[in-house]
Amino acid sequence: MPNVSLWTKVAIAIQSVLGPALTITAITKASPGVATSTAHGLANGDFVLLDIAGMTQLDNRVFRVANVAANTFELEGEDTTLYDDFVSGTAKEITFGTNLATATTVNGGGGEFDYEDTTTIHDAVRSQIPTLASPATYNFENIWDTADAGLIALKLASDNKAERCIRITFSNGQKVLFNGFVGATLLPVGSAPGKVTTPVTITMQGRPTVYPT
């Protein structure tokens, strides 16, 4: 039987602190990929935001750290075997210290590819290859509570055009993590006699990362 997730008892955590940039000098092509970072100070279970050149499949993504050694750490669960060659990069430790407690509805979108036509004069059927994907987005409808710490943090990020890392944890332990720009005005919306709500949109930078536990 599949490990079914439900939209109940879901925790949404927001980045409250982003640590200093830790220089990464190498990432292996392996399963999982191993990053080299001298005296990084990370611990197993920490989450990091990567800023990577070359191995672009990892850029602007959030990962959990595993099998930590003095100068290396694994990107838990990430198979980098077929990724591009690493050039340079950094990792910043994420503190998820703020929770959003007012979300009532979550909708996702984006991620669709553009395609480039590769049909030749020899083909009988058109051919095409995927190029760039549109950014994925999450749209949250929230109870309008101007004292909610999560809404306050998201509005602050929106006002400053700042990115924030988000961790969504389901009651069965499954997780999705991503980094993105926040759009939040805290404007109250709705219709009589329903509850007053306020929307939040997060546009991902890079791809999401998922974990089974």
# chains A, B, ... in the order shown; residues from 1 in each chain; ligands from 1

call {"tool": "select_by_dssp", "arguments": {"residues": "range 25-59 of chain A", "states": "strand (DSSP E or B)", "output": "list in words"}}
result
Ala26, Ile27, Val34, Ala35, Thr36, Phe47, Val48, Leu49, Leu50, Asp51, Ile52 and Ala53 of chain A

call {"tool": "closest_atom_pairs", "arguments": {"of": "range 92-139 of chain A", "to": "range 146-164 of chain A", "cutoff": "9 Å", "atoms": "only C-alpha atoms", "output": "CSV"}}
result
residue,atom,partner,partner_atom,distance
A:Thr98,CA,A:Gly150,CA,6.0
A:Asn99,CA,A:Gly150,CA,5.2
A:Leu100,CA,A:Gly150,CA,4.0
A:Ala101,CA,A:Gly150,CA,6.7
A:Thr102,CA,A:Asp148,CA,7.3

call {"tool": "closest_residue", "arguments": {"among": "A:Ala30, A:Val68, A:Ala133, A:Leu177", "to": "Phe96 in chain A", "atoms": "only C-alpha atoms"}}
result
A:Leu177

call {"tool": "closest_residue", "arguments": {"among": "A:Gly89, A:Asn67, A:Tyr115, A:Arg167", "to": "Ser16 in chain A", "atoms": "only C-alpha atoms"}}
result
A:Arg167

call {"tool": "atom_distance", "arguments": {"atom1": "CA of Ser88 in chain A", "atom2": "CA of Gln15 in chain A"}}
result
24.1 Å

call {"tool": "closest_residue", "arguments": {"among": "A:Gln128, A:Thr25, A:Asn60, A:Asn107", "to": "Met204 in chain A", "atoms": "only C-alpha atoms"}}
result
A:Asn60

call {"tool": "closest_residue", "arguments": {"among": "A:Thr185, A:Phe86, A:Gly110, A:Thr38", "to": "Ala53 in chain A", "atoms": "only C-alpha atoms"}}
result
A:Phe86

call {"tool": "atom_distance", "arguments": {"atom1": "CA of Thr90 in chain A", "atom2": "CA of Thr203 in chain A"}}
result
21.9 Å

call {"tool": "closest_residue", "arguments": {"among": "A:Leu18, A:Ala184, A:Ile52, A:Val62", "to": "Gly97 in chain A", "atoms": "only C-alpha atoms"}}
result
A:Leu18

call {"tool": "residues_around", "arguments": {"residues": "Asp59 in chain A", "least_positions_apart": "3", "cutoff": "12 Å", "atoms": "only C-alpha atoms", "output": "PDB file with N, CA, C and O atoms, in the first residue's frame"}}
result
ATOM      1  N   VAL A  48      20.539  22.527   4.113  1.00  0.00           N
ATOM      2  CA  VAL A  48      21.379  23.559   3.504  1.00  0.00           C
ATOM      3  C   VAL A  48      20.759  24.017   2.193  1.00  0.00           C
ATOM      4  O   VAL A  48      20.073  23.248   1.499  1.00  0.00           O
ATOM      5  N   LEU A  49      21.011  25.275   1.857  1.00  0.00           N
ATOM      6  CA  LEU A  49      20.657  25.843   0.563  1.00  0.00           C
ATOM      7  C   LEU A  49      21.928  25.930  -0.263  1.00  0.00           C
ATOM      8  O   LEU A  49      22.917  26.523   0.171  1.00  0.00           O
ATOM      9  N   LEU A  50      21.893  25.347  -1.466  1.00  0.00           N
ATOM     10  CA  LEU A  50      23.076  25.327  -2.318  1.00  0.00           C
ATOM     11  C   LEU A  50      23.030  26.431  -3.364  1.00  0.00           C
ATOM     12  O   LEU A  50      21.976  26.742  -3.919  1.00  0.00           O
ATOM     13  N   ASP A  51      24.209  26.998  -3.637  1.00  0.00           N
ATOM     14  CA  ASP A  51      24.415  27.948  -4.730  1.00  0.00           C
ATOM     15  C   ASP A  51      25.554  27.371  -5.558  1.00  0.00           C
ATOM     16  O   ASP A  51      26.718  27.440  -5.150  1.00  0.00           O
ATOM     17  N   ILE A  52      25.216  26.771  -6.695  1.00  0.00           N
ATOM     18  CA  ILE A  52      26.170  25.926  -7.418  1.00  0.00           C
ATOM     19  C   ILE A  52      26.328  26.396  -8.862  1.00  0.00           C
ATOM     20  O   ILE A  52      25.346  26.655  -9.556  1.00  0.00           O
ATOM     21  N   ALA A  53      27.593  26.471  -9.314  1.00  0.00           N
ATOM     22  CA  ALA A  53      27.907  26.709 -10.723  1.00  0.00           C
ATOM     23  C   ALA A  53      28.418  25.406 -11.323  1.00  0.00           C
ATOM     24  O   ALA A  53      29.104  24.626 -10.660  1.00  0.00           O
ATOM     25  N   GLY A  54      28.074  25.165 -12.567  1.00  0.00           N
ATOM     26  CA  GLY A  54      28.512  23.950 -13.238  1.00  0.00           C
ATOM     27  C   GLY A  54      27.498  22.840 -13.096  1.00  0.00           C
ATOM     28  O   GLY A  54      26.805  22.496 -14.057  1.00  0.00           O
ATOM     29  N   MET A  55      27.368  22.278 -11.912  1.00  0.00           N
ATOM     30  CA  MET A  55      26.398  21.212 -11.648  1.00  0.00           C
ATOM     31  C   MET A  55      25.052  21.872 -11.366  1.00  0.00           C
ATOM     32  O   MET A  55      24.536  21.884 -10.248  1.00  0.00           O
ATOM     33  N   THR A  56      24.472  22.420 -12.427  1.00  0.00           N
ATOM     34  CA  THR A  56      23.307  23.302 -12.283  1.00  0.00           C
ATOM     35  C   THR A  56      22.069  22.592 -11.753  1.00  0.00           C
ATOM     36  O   THR A  56      21.144  23.248 -11.264  1.00  0.00           O
ATOM     37  N   VAL A  62      17.340  22.969  -1.825  1.00  0.00           N
ATOM     38  CA  VAL A  62      17.495  22.665  -0.402  1.00  0.00           C
ATOM     39  C   VAL A  62      17.726  21.168  -0.243  1.00  0.00           C
ATOM     40  O   VAL A  62      16.998  20.350  -0.832  1.00  0.00           O
ATOM     41  N   PHE A  63      18.720  20.806   0.573  1.00  0.00           N
ATOM     42  CA  PHE A  63      19.026  19.401   0.825  1.00  0.00           C
ATOM     43  C   PHE A  63      19.238  19.153   2.313  1.00  0.00           C
ATOM     44  O   PHE A  63      19.669  20.050   3.053  1.00  0.00           O
ATOM     45  N   TYR A  83      24.784  14.187 -13.556  1.00  0.00           N
ATOM     46  CA  TYR A  83      24.709  15.644 -13.532  1.00  0.00           C
ATOM     47  C   TYR A  83      25.905  16.269 -14.252  1.00  0.00           C
ATOM     48  O   TYR A  83      26.906  15.600 -14.531  1.00  0.00           O
ATOM     49  N   ASP A  84      25.801  17.567 -14.523  1.00  0.00           N
ATOM     50  CA  ASP A  84      26.902  18.290 -15.160  1.00  0.00           C
ATOM     51  C   ASP A  84      28.097  18.370 -14.217  1.00  0.00           C
ATOM     52  O   ASP A  84      28.001  18.097 -13.015  1.00  0.00           O
ATOM     53  N   PHE A  86      30.785  19.772 -11.746  1.00  0.00           N
ATOM     54  CA  PHE A  86      30.847  20.824 -10.723  1.00  0.00           C
ATOM     55  C   PHE A  86      31.961  21.814 -11.049  1.00  0.00           C
ATOM     56  O   PHE A  86      33.048  21.425 -11.483  1.00  0.00           O
ATOM     57  N   VAL A  87      31.687  23.100 -10.827  1.00  0.00           N
ATOM     58  CA  VAL A  87      32.702  24.144 -11.005  1.00  0.00           C
ATOM     59  C   VAL A  87      33.010  24.820  -9.669  1.00  0.00           C
ATOM     60  O   VAL A  87      34.163  24.877  -9.239  1.00  0.00           O
ATOM     61  N   SER A  88      31.999  25.343  -9.025  1.00  0.00           N
ATOM     62  CA  SER A  88      32.198  26.020  -7.741  1.00  0.00           C
ATOM     63  C   SER A  88      30.847  26.109  -7.047  1.00  0.00           C
ATOM     64  O   SER A  88      29.799  25.867  -7.648  1.00  0.00           O
ATOM     65  N   GLY A  89      30.888  26.483  -5.758  1.00  0.00           N
ATOM     66  CA  GLY A  89      29.611  26.630  -5.071  1.00  0.00           C
ATOM     67  C   GLY A  89      29.744  26.870  -3.582  1.00  0.00           C
ATOM     68  O   GLY A  89      30.853  26.854  -3.018  1.00  0.00           O
ATOM     69  N   THR A  90      28.604  27.099  -2.964  1.00  0.00           N
ATOM     70  CA  THR A  90      28.534  27.291  -1.517  1.00  0.00           C
ATOM     71  C   THR A  90      27.300  26.591  -0.967  1.00  0.00           C
ATOM     72  O   THR A  90      26.347  26.277  -1.695  1.00  0.00           O
ATOM     73  N   ALA A  91      27.329  26.367   0.342  1.00  0.00           N
ATOM     74  CA  ALA A  91      26.172  25.860   1.077  1.00  0.00           C
ATOM     75  C   ALA A  91      25.921  26.775   2.259  1.00  0.00           C
ATOM     76  O   ALA A  91      26.863  27.220   2.922  1.00  0.00           O
ATOM     77  N   PHE A 178      11.880  23.560  -0.639  1.00  0.00           N
ATOM     78  CA  PHE A 178      12.210  24.374  -1.803  1.00  0.00           C
ATOM     79  C   PHE A 178      12.580  25.776  -1.355  1.00  0.00           C
ATOM     80  O   PHE A 178      12.332  26.177  -0.213  1.00  0.00           O
ATOM     81  N   ASN A 179      13.168  26.516  -2.283  1.00  0.00           N
ATOM     82  CA  ASN A 179      13.527  27.910  -2.059  1.00  0.00           C
ATOM     83  C   ASN A 179      12.794  28.754  -3.094  1.00  0.00           C
ATOM     84  O   ASN A 179      12.651  28.349  -4.249  1.00  0.00           O
ATOM     85  N   MET A 204       9.127  29.158  -6.941  1.00  0.00           N
ATOM     86  CA  MET A 204      10.357  28.435  -6.643  1.00  0.00           C
ATOM     87  C   MET A 204      11.507  28.878  -7.533  1.00  0.00           C
ATOM     88  O   MET A 204      11.327  29.164  -8.712  1.00  0.00           O
ATOM     89  N   GLN A 205      12.686  28.908  -6.938  1.00  0.00           N
ATOM     90  CA  GLN A 205      13.941  29.089  -7.660  1.00  0.00           C
ATOM     91  C   GLN A 205      14.662  27.750  -7.607  1.00  0.00           C
ATOM     92  O   GLN A 205      15.010  27.279  -6.541  1.00  0.00           O
ATOM     93  N   GLY A 206      14.875  27.116  -8.734  1.00  0.00           N
ATOM     94  CA  GLY A 206      15.394  25.752  -8.694  1.00  0.00           C
ATOM     95  C   GLY A 206      14.254  24.767  -8.453  1.00  0.00           C
ATOM     96  O   GLY A 206      13.077  25.143  -8.349  1.00  0.00           O
ATOM     97  N   ARG A 207      14.605  23.511  -8.337  1.00  0.00           N
ATOM     98  CA  ARG A 207      13.606  22.461  -8.207  1.00  0.00           C
ATOM     99  C   ARG A 207      13.354  22.109  -6.744  1.00  0.00           C
ATOM    100  O   ARG A 207      14.225  22.322  -5.893  1.00  0.00           O
ATOM    101  N   PRO A 208      12.190  21.543  -6.439  1.00  0.00           N
ATOM    102  CA  PRO A 208      11.938  21.086  -5.072  1.00  0.00           C
ATOM    103  C   PRO A 208      12.711  19.803  -4.791  1.00  0.00           C
ATOM    104  O   PRO A 208      13.128  19.079  -5.705  1.00  0.00           O
ATOM    105  N   THR A 209      12.894  19.496  -3.514  1.00  0.00           N
ATOM    106  CA  THR A 209      13.513  18.261  -3.062  1.00  0.00           C
ATOM    107  C   THR A 209      12.529  17.553  -2.147  1.00  0.00           C
ATOM    108  O   THR A 209      11.898  18.201  -1.313  1.00  0.00           O
TER     109      THR A 209
END

call {"tool": "select_by_dssp", "arguments": {"residues": "range 14-211 of chain A", "states": "helix (DSSP H, G or I)", "output": "list of chain:residue names"}}
result
A:Thr56, A:Gln57, A:Leu58, A:Ala149, A:Gly150, A:Leu151, A:Ile152, A:Ala153, A:Leu154, A:Lys155, A:Leu156, A:Ala157, A:Ser158, A:Asp159

call {"tool": "closest_residue", "arguments": {"among": "A:Trp144, A:Gly190, A:Cys165, A:Pro212", "to": "Thr95 in chain A", "atoms": "only C-alpha atoms"}}
result
A:Cys165

call {"tool": "atom_distance", "arguments": {"atom1": "CA of Gly180 in chain A", "atom2": "CA of Arg61 in chain A"}}
result
9.5 Å

call {"tool": "residues_around", "arguments": {"residues": "range 136-143 of chain A", "least_positions_apart": "3", "cutoff": "6 Å", "atoms": "only C-alpha atoms", "output": "PyMOL selection string"}}
result
chain A and resi 102-111+197-204
